[in-house]
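> target.txt is reproduced in full below (compact mmCIF, N, CA and C atoms).
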```txt
# COMPACT_ATOMS: atom_id res chain seq x y z
N MET A 206 3.84 -60.46 -32.27
CA MET A 206 4.98 -59.62 -32.62
C MET A 206 4.91 -59.23 -34.09
N LEU A 207 4.40 -60.14 -34.91
CA LEU A 207 4.29 -59.86 -36.34
C LEU A 207 3.30 -58.72 -36.59
N VAL A 208 2.16 -58.75 -35.90
CA VAL A 208 1.17 -57.68 -36.04
C VAL A 208 1.75 -56.37 -35.54
N ALA A 209 2.44 -56.41 -34.41
CA ALA A 209 2.99 -55.19 -33.84
C ALA A 209 4.02 -54.55 -34.76
N SER A 210 4.93 -55.35 -35.29
CA SER A 210 5.96 -54.77 -36.15
C SER A 210 5.38 -54.29 -37.47
N GLY A 211 4.45 -55.03 -38.03
CA GLY A 211 3.83 -54.60 -39.29
C GLY A 211 3.00 -53.35 -39.14
N LEU A 212 2.24 -53.28 -38.07
CA LEU A 212 1.40 -52.10 -37.81
C LEU A 212 2.26 -50.88 -37.54
N TYR A 213 3.30 -51.04 -36.73
CA TYR A 213 4.18 -49.91 -36.45
C TYR A 213 4.89 -49.45 -37.72
N GLY A 214 5.39 -50.38 -38.50
CA GLY A 214 6.08 -50.01 -39.74
C GLY A 214 5.18 -49.27 -40.71
N THR A 215 3.95 -49.73 -40.85
CA THR A 215 3.01 -49.07 -41.75
C THR A 215 2.68 -47.66 -41.28
N LEU A 216 2.39 -47.52 -40.00
CA LEU A 216 2.03 -46.19 -39.48
C LEU A 216 3.22 -45.24 -39.49
N ALA A 217 4.39 -45.74 -39.15
CA ALA A 217 5.58 -44.89 -39.18
C ALA A 217 5.90 -44.43 -40.59
N TYR A 218 5.72 -45.30 -41.56
CA TYR A 218 5.96 -44.94 -42.96
C TYR A 218 4.97 -43.88 -43.44
N ARG A 219 3.71 -44.03 -43.05
CA ARG A 219 2.71 -43.03 -43.44
C ARG A 219 3.06 -41.65 -42.86
N VAL A 220 3.49 -41.62 -41.61
CA VAL A 220 3.84 -40.35 -40.98
C VAL A 220 5.09 -39.76 -41.63
N GLN A 221 6.08 -40.61 -41.92
CA GLN A 221 7.32 -40.14 -42.52
C GLN A 221 7.07 -39.52 -43.88
N ARG A 222 6.14 -40.09 -44.64
CA ARG A 222 5.82 -39.54 -45.96
C ARG A 222 5.10 -38.20 -45.86
N ARG A 223 4.52 -37.90 -44.71
CA ARG A 223 3.76 -36.67 -44.54
C ARG A 223 4.49 -35.60 -43.72
N THR A 224 5.78 -35.78 -43.45
CA THR A 224 6.47 -34.82 -42.59
C THR A 224 6.52 -33.43 -43.21
N SER A 225 6.62 -33.33 -44.52
CA SER A 225 6.61 -32.00 -45.15
C SER A 225 5.27 -31.32 -44.93
N GLU A 226 4.18 -32.07 -45.12
CA GLU A 226 2.84 -31.52 -44.90
C GLU A 226 2.67 -31.10 -43.44
N ILE A 227 3.16 -31.94 -42.54
CA ILE A 227 3.04 -31.63 -41.11
C ILE A 227 3.85 -30.38 -40.78
N GLY A 228 5.03 -30.25 -41.37
CA GLY A 228 5.84 -29.05 -41.16
C GLY A 228 5.13 -27.80 -41.65
N VAL A 229 4.47 -27.88 -42.79
CA VAL A 229 3.72 -26.73 -43.31
C VAL A 229 2.56 -26.40 -42.39
N ARG A 230 1.84 -27.42 -41.92
CA ARG A 230 0.73 -27.19 -41.00
C ARG A 230 1.21 -26.48 -39.73
N MET A 231 2.36 -26.94 -39.22
CA MET A 231 2.88 -26.32 -38.00
C MET A 231 3.36 -24.91 -38.27
N ALA A 232 3.93 -24.67 -39.44
CA ALA A 232 4.38 -23.32 -39.79
C ALA A 232 3.19 -22.38 -39.93
N LEU A 233 2.04 -22.92 -40.32
CA LEU A 233 0.83 -22.10 -40.46
C LEU A 233 0.06 -21.96 -39.16
N GLY A 234 0.57 -22.57 -38.08
CA GLY A 234 -0.04 -22.33 -36.79
C GLY A 234 -0.63 -23.53 -36.08
N ALA A 235 -0.53 -24.71 -36.65
CA ALA A 235 -1.06 -25.89 -35.96
C ALA A 235 -0.19 -26.19 -34.74
N SER A 236 -0.85 -26.48 -33.64
CA SER A 236 -0.10 -26.79 -32.42
C SER A 236 0.35 -28.25 -32.45
N ARG A 237 1.27 -28.56 -31.56
CA ARG A 237 1.75 -29.94 -31.48
C ARG A 237 0.61 -30.88 -31.09
N ALA A 238 -0.28 -30.41 -30.23
CA ALA A 238 -1.43 -31.24 -29.83
C ALA A 238 -2.34 -31.52 -31.02
N ASN A 239 -2.53 -30.52 -31.89
CA ASN A 239 -3.37 -30.74 -33.09
C ASN A 239 -2.73 -31.76 -34.02
N VAL A 240 -1.43 -31.67 -34.21
CA VAL A 240 -0.73 -32.62 -35.07
C VAL A 240 -0.79 -34.02 -34.47
N LEU A 241 -0.57 -34.11 -33.16
CA LEU A 241 -0.63 -35.39 -32.48
C LEU A 241 -2.01 -36.02 -32.64
N TRP A 242 -3.06 -35.22 -32.46
CA TRP A 242 -4.42 -35.74 -32.59
C TRP A 242 -4.73 -36.12 -34.04
N MET A 243 -4.26 -35.33 -35.01
CA MET A 243 -4.52 -35.62 -36.42
C MET A 243 -3.93 -36.97 -36.80
N VAL A 244 -2.68 -37.19 -36.47
CA VAL A 244 -2.01 -38.43 -36.86
C VAL A 244 -2.60 -39.62 -36.09
N THR A 245 -2.86 -39.45 -34.80
CA THR A 245 -3.41 -40.54 -34.00
C THR A 245 -4.82 -40.91 -34.45
N SER A 246 -5.65 -39.92 -34.72
CA SER A 246 -7.03 -40.21 -35.13
C SER A 246 -7.07 -40.92 -36.48
N GLU A 247 -6.20 -40.54 -37.42
CA GLU A 247 -6.16 -41.23 -38.70
C GLU A 247 -5.71 -42.68 -38.53
N SER A 248 -4.77 -42.89 -37.63
CA SER A 248 -4.30 -44.25 -37.38
C SER A 248 -5.39 -45.09 -36.72
N LEU A 249 -6.13 -44.49 -35.81
CA LEU A 249 -7.21 -45.24 -35.16
C LEU A 249 -8.36 -45.50 -36.12
N LEU A 250 -8.55 -44.63 -37.09
CA LEU A 250 -9.55 -44.88 -38.13
C LEU A 250 -9.16 -46.11 -38.95
N MET A 251 -7.87 -46.22 -39.26
CA MET A 251 -7.39 -47.41 -39.96
C MET A 251 -7.62 -48.66 -39.13
N LEU A 252 -7.42 -48.56 -37.82
CA LEU A 252 -7.66 -49.69 -36.93
C LEU A 252 -9.13 -50.08 -36.97
N GLY A 253 -10.02 -49.10 -36.91
CA GLY A 253 -11.46 -49.39 -36.95
C GLY A 253 -11.88 -50.08 -38.23
N VAL A 254 -11.36 -49.61 -39.35
CA VAL A 254 -11.69 -50.24 -40.64
C VAL A 254 -11.14 -51.67 -40.67
N GLY A 255 -9.91 -51.84 -40.18
CA GLY A 255 -9.33 -53.18 -40.16
C GLY A 255 -10.10 -54.14 -39.29
N LEU A 256 -10.54 -53.68 -38.13
CA LEU A 256 -11.34 -54.54 -37.27
C LEU A 256 -12.71 -54.82 -37.86
N ALA A 257 -13.31 -53.81 -38.49
CA ALA A 257 -14.63 -53.99 -39.09
C ALA A 257 -14.59 -55.01 -40.23
N LEU A 258 -13.49 -55.04 -40.96
CA LEU A 258 -13.35 -56.02 -42.04
C LEU A 258 -12.83 -57.36 -41.54
N GLY A 259 -11.93 -57.33 -40.57
CA GLY A 259 -11.27 -58.54 -40.10
C GLY A 259 -12.11 -59.42 -39.20
N LEU A 260 -12.93 -58.83 -38.35
CA LEU A 260 -13.73 -59.64 -37.43
C LEU A 260 -14.71 -60.57 -38.14
N PRO A 261 -15.54 -60.05 -39.05
CA PRO A 261 -16.44 -60.98 -39.74
C PRO A 261 -15.69 -62.06 -40.53
N LEU A 262 -14.58 -61.67 -41.15
CA LEU A 262 -13.80 -62.66 -41.89
C LEU A 262 -13.21 -63.71 -40.97
N SER A 263 -12.77 -63.29 -39.79
CA SER A 263 -12.19 -64.27 -38.87
C SER A 263 -13.25 -65.24 -38.33
N PHE A 264 -14.48 -64.76 -38.14
CA PHE A 264 -15.55 -65.67 -37.73
C PHE A 264 -15.85 -66.69 -38.83
N ILE A 265 -15.85 -66.23 -40.07
CA ILE A 265 -16.11 -67.14 -41.20
C ILE A 265 -14.99 -68.17 -41.33
N VAL A 266 -13.74 -67.71 -41.28
CA VAL A 266 -12.61 -68.62 -41.43
C VAL A 266 -12.51 -69.59 -40.26
N SER A 267 -12.81 -69.12 -39.05
CA SER A 267 -12.72 -70.01 -37.89
C SER A 267 -13.74 -71.13 -37.97
N ARG A 268 -14.84 -70.90 -38.64
CA ARG A 268 -15.84 -71.96 -38.83
C ARG A 268 -15.25 -73.11 -39.65
N PHE A 269 -14.47 -72.76 -40.67
CA PHE A 269 -13.84 -73.78 -41.51
C PHE A 269 -12.67 -74.47 -40.81
N LEU A 270 -12.06 -73.80 -39.85
CA LEU A 270 -10.91 -74.36 -39.13
C LEU A 270 -11.31 -75.04 -37.83
N GLN A 271 -12.60 -75.22 -37.61
CA GLN A 271 -13.10 -75.77 -36.35
C GLN A 271 -12.50 -77.14 -36.05
N SER A 272 -12.28 -77.94 -37.05
CA SER A 272 -11.75 -79.29 -36.81
C SER A 272 -10.30 -79.25 -36.32
N GLN A 273 -9.59 -78.16 -36.56
CA GLN A 273 -8.20 -78.06 -36.15
C GLN A 273 -8.03 -77.36 -34.80
N LEU A 274 -9.10 -76.85 -34.24
CA LEU A 274 -9.04 -76.17 -32.94
C LEU A 274 -9.18 -77.22 -31.83
N TRP A 275 -8.19 -77.29 -30.98
CA TRP A 275 -8.19 -78.29 -29.93
C TRP A 275 -8.80 -77.71 -28.67
N LYS A 276 -9.89 -78.28 -28.22
CA LYS A 276 -10.62 -77.87 -27.01
C LYS A 276 -11.06 -76.41 -27.04
N LEU A 277 -11.36 -75.92 -28.21
CA LEU A 277 -11.86 -74.56 -28.36
C LEU A 277 -13.07 -74.56 -29.27
N SER A 278 -13.98 -73.68 -28.98
CA SER A 278 -15.10 -73.46 -29.89
C SER A 278 -14.64 -72.52 -30.99
N TYR A 279 -15.22 -72.64 -32.15
CA TYR A 279 -14.83 -71.73 -33.23
C TYR A 279 -15.31 -70.31 -32.96
N LEU A 280 -16.24 -70.14 -32.03
CA LEU A 280 -16.68 -68.80 -31.62
C LEU A 280 -16.23 -68.51 -30.19
N ASP A 281 -15.00 -68.82 -29.87
CA ASP A 281 -14.46 -68.61 -28.53
C ASP A 281 -14.33 -67.11 -28.27
N THR A 282 -15.24 -66.59 -27.47
CA THR A 282 -15.28 -65.14 -27.24
C THR A 282 -14.05 -64.65 -26.47
N PHE A 283 -13.52 -65.47 -25.58
CA PHE A 283 -12.34 -65.06 -24.83
C PHE A 283 -11.15 -64.84 -25.76
N SER A 284 -10.91 -65.77 -26.67
CA SER A 284 -9.79 -65.64 -27.61
C SER A 284 -9.97 -64.44 -28.53
N PHE A 285 -11.18 -64.25 -29.03
CA PHE A 285 -11.44 -63.10 -29.89
C PHE A 285 -11.29 -61.79 -29.11
N SER A 286 -11.74 -61.78 -27.87
CA SER A 286 -11.62 -60.56 -27.05
C SER A 286 -10.16 -60.21 -26.78
N ILE A 287 -9.37 -61.21 -26.45
CA ILE A 287 -7.94 -60.98 -26.20
C ILE A 287 -7.26 -60.49 -27.47
N ALA A 288 -7.58 -61.09 -28.59
CA ALA A 288 -6.97 -60.67 -29.87
C ALA A 288 -7.35 -59.24 -30.21
N ILE A 289 -8.60 -58.86 -30.00
CA ILE A 289 -9.04 -57.50 -30.29
C ILE A 289 -8.36 -56.52 -29.35
N ALA A 290 -8.31 -56.86 -28.06
CA ALA A 290 -7.69 -55.96 -27.08
C ALA A 290 -6.21 -55.76 -27.36
N LEU A 291 -5.51 -56.83 -27.68
CA LEU A 291 -4.08 -56.70 -27.98
C LEU A 291 -3.84 -55.93 -29.27
N THR A 292 -4.67 -56.15 -30.28
CA THR A 292 -4.54 -55.39 -31.52
C THR A 292 -4.80 -53.91 -31.27
N PHE A 293 -5.80 -53.61 -30.46
CA PHE A 293 -6.09 -52.22 -30.13
C PHE A 293 -4.93 -51.59 -29.36
N LEU A 294 -4.36 -52.31 -28.40
CA LEU A 294 -3.23 -51.79 -27.62
C LEU A 294 -2.02 -51.54 -28.51
N VAL A 295 -1.72 -52.48 -29.38
CA VAL A 295 -0.60 -52.32 -30.30
C VAL A 295 -0.84 -51.15 -31.23
N ALA A 296 -2.08 -50.99 -31.71
CA ALA A 296 -2.39 -49.87 -32.61
C ALA A 296 -2.26 -48.53 -31.90
N ILE A 297 -2.66 -48.45 -30.65
CA ILE A 297 -2.51 -47.20 -29.90
C ILE A 297 -1.03 -46.83 -29.78
N VAL A 298 -0.21 -47.79 -29.39
CA VAL A 298 1.22 -47.52 -29.24
C VAL A 298 1.85 -47.22 -30.60
N ALA A 299 1.48 -48.01 -31.61
CA ALA A 299 2.05 -47.81 -32.94
C ALA A 299 1.58 -46.50 -33.57
N ALA A 300 0.44 -45.99 -33.17
CA ALA A 300 -0.03 -44.70 -33.67
C ALA A 300 0.60 -43.55 -32.90
N PHE A 301 0.76 -43.74 -31.59
CA PHE A 301 1.25 -42.64 -30.76
C PHE A 301 2.72 -42.32 -31.00
N LEU A 302 3.55 -43.34 -31.15
CA LEU A 302 4.99 -43.09 -31.32
C LEU A 302 5.30 -42.29 -32.59
N PRO A 303 4.81 -42.68 -33.77
CA PRO A 303 5.06 -41.84 -34.95
C PRO A 303 4.37 -40.48 -34.85
N ALA A 304 3.21 -40.42 -34.20
CA ALA A 304 2.51 -39.14 -34.05
C ALA A 304 3.32 -38.19 -33.17
N ARG A 305 3.90 -38.72 -32.12
CA ARG A 305 4.73 -37.88 -31.25
C ARG A 305 5.96 -37.38 -32.00
N ARG A 306 6.55 -38.26 -32.81
CA ARG A 306 7.70 -37.86 -33.61
C ARG A 306 7.30 -36.79 -34.63
N ALA A 307 6.11 -36.93 -35.21
CA ALA A 307 5.63 -35.94 -36.18
C ALA A 307 5.35 -34.60 -35.52
N ALA A 308 4.89 -34.62 -34.29
CA ALA A 308 4.58 -33.38 -33.59
C ALA A 308 5.85 -32.62 -33.20
N GLU A 309 7.00 -33.28 -33.24
CA GLU A 309 8.26 -32.64 -32.90
C GLU A 309 8.98 -32.09 -34.12
N VAL A 310 8.32 -32.11 -35.28
CA VAL A 310 8.93 -31.60 -36.51
C VAL A 310 9.17 -30.10 -36.38
N ASP A 311 10.37 -29.67 -36.75
CA ASP A 311 10.68 -28.24 -36.77
C ASP A 311 10.26 -27.70 -38.14
N PRO A 312 9.23 -26.85 -38.20
CA PRO A 312 8.72 -26.40 -39.50
C PRO A 312 9.74 -25.58 -40.30
N MET A 313 10.60 -24.86 -39.64
CA MET A 313 11.59 -24.05 -40.36
C MET A 313 12.65 -24.94 -41.01
N TRP A 314 13.07 -25.99 -40.32
CA TRP A 314 14.06 -26.90 -40.89
C TRP A 314 13.45 -27.64 -42.07
N ARG A 315 12.19 -28.05 -41.96
CA ARG A 315 11.53 -28.80 -43.01
C ARG A 315 11.38 -27.93 -44.26
N CYS A 316 11.01 -26.67 -44.09
CA CYS A 316 10.84 -25.77 -45.23
C CYS A 316 12.18 -25.49 -45.90
N ALA A 317 13.23 -25.35 -45.09
CA ALA A 317 14.56 -25.04 -45.65
C ALA A 317 15.12 -26.21 -46.45
N THR A 318 14.91 -27.42 -45.96
CA THR A 318 15.45 -28.58 -46.68
C THR A 318 14.61 -28.94 -47.90
N SER A 319 13.32 -28.66 -47.88
CA SER A 319 12.49 -29.02 -49.04
C SER A 319 12.69 -28.05 -50.19
N ASN A 320 13.19 -26.84 -49.94
CA ASN A 320 13.44 -25.87 -51.01
C ASN A 320 14.71 -26.19 -51.79
N ARG A 321 15.60 -26.94 -51.19
CA ARG A 321 16.88 -27.27 -51.84
C ARG A 321 16.72 -28.28 -52.96
N SER A 322 15.75 -29.16 -52.83
CA SER A 322 15.62 -30.22 -53.84
C SER A 322 14.62 -29.90 -54.90
```
Could you render the structure from this file as structure tokens?

Amino acid sequence: MLVASGLYGTLAYRVQRRTSEIGVRMALGASRANVLWMVTSESLLMLGVGLALGLPLSFIVSRFLQSQLWKLSYLDTFSFSIAIALTFLVAIVAAFLPARRAAEVDPMWRCATSNRS
């Protein structure tokens, strides 16, 4: 739950900070599908980098924690596979929800409100 809430919060914050840019892109002709793919692909890139850095580190750290693992090998492939699959699933959902919200941005409302400030 901690990973899910942190990942969703981070991705939602990134999308929220870019709503003006997304509104401009849509005003210039970007379709909702293009915006959805743009936000989702950037989020999945973050997932890939996180897994590429986290997996080797987790193998190294698990070696040092081997004495505290009860009836498990420090290279337990089942546990690592489940953790990777769940992280990937959470990242897909956490990327898709803010991306869908970003794709629903009304470009005219965004432009009108950003000119006031």
> At a cut-off of 8 Å, using all atoms listed in the file, what residues contact Met231 of chain A? Leave out same-chain residues fewer than 4 positions from it and give the result as a list of chain:residue names.
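Non-adjacent residues within range: A:Ser225, A:Glu226, A:Ile227, A:Ala235, A:Ser236, A:Arg237, A:Val240, A:Val310, A:Asp311, A:Pro312, A:Met313.
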> Could you tell me how far atom N of Asn239 of chain A lies from atom N of Ala300 of chain A, in Å and to one decimal?
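These two atoms are separated by 15.8 Å.
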> So that I can check the surroundings of Ala209 of chain A, please list as JSON, numbers by chain every protein, DNA and RNA residue that reaches within 9 Å of it, counting only C-alpha atoms and ignoring chain neighbours fewer than 5 positions away.
{"A": [214, 292, 295, 296, 299]}
> Interatomic distance between atom CA of Val220 of chain A and atom C of Leu262 of chain A?
28.9 Å
> In Å, with one decimal, what is the gap from atom N of Pro303 of chain A to atom CA of Ala288 of chain A?
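About the pair atom N of Pro303 of chain A and atom CA of Ala288 of chain A: they are 21.9 Å apart.
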> DSSP on the backbone, then: every residue of segment 222-320 of chain A marked helix (DSSP H, G or I), written as number ranges by chain.
A: 222, 224-232, 237-269, 271-273, 282-308, 312-320
> With a distance cut-off of 8 Å and only N, CA and C atoms, select the neighbouring residues of Thr224 of chain A, excluding the residue or stretch itself and same-chain residues fewer than 4 positions from it, and output the selection as a PyMOL selection string.
chain A and resi 219-220+228-230+307+310+315
> Of the candidates A:Lys276, A:Thr282, A:Ala238, A:Leu216, which shows the shortest atom-to-atom distance to Val298 of chain A, using only C-alpha atoms?
A:Leu216
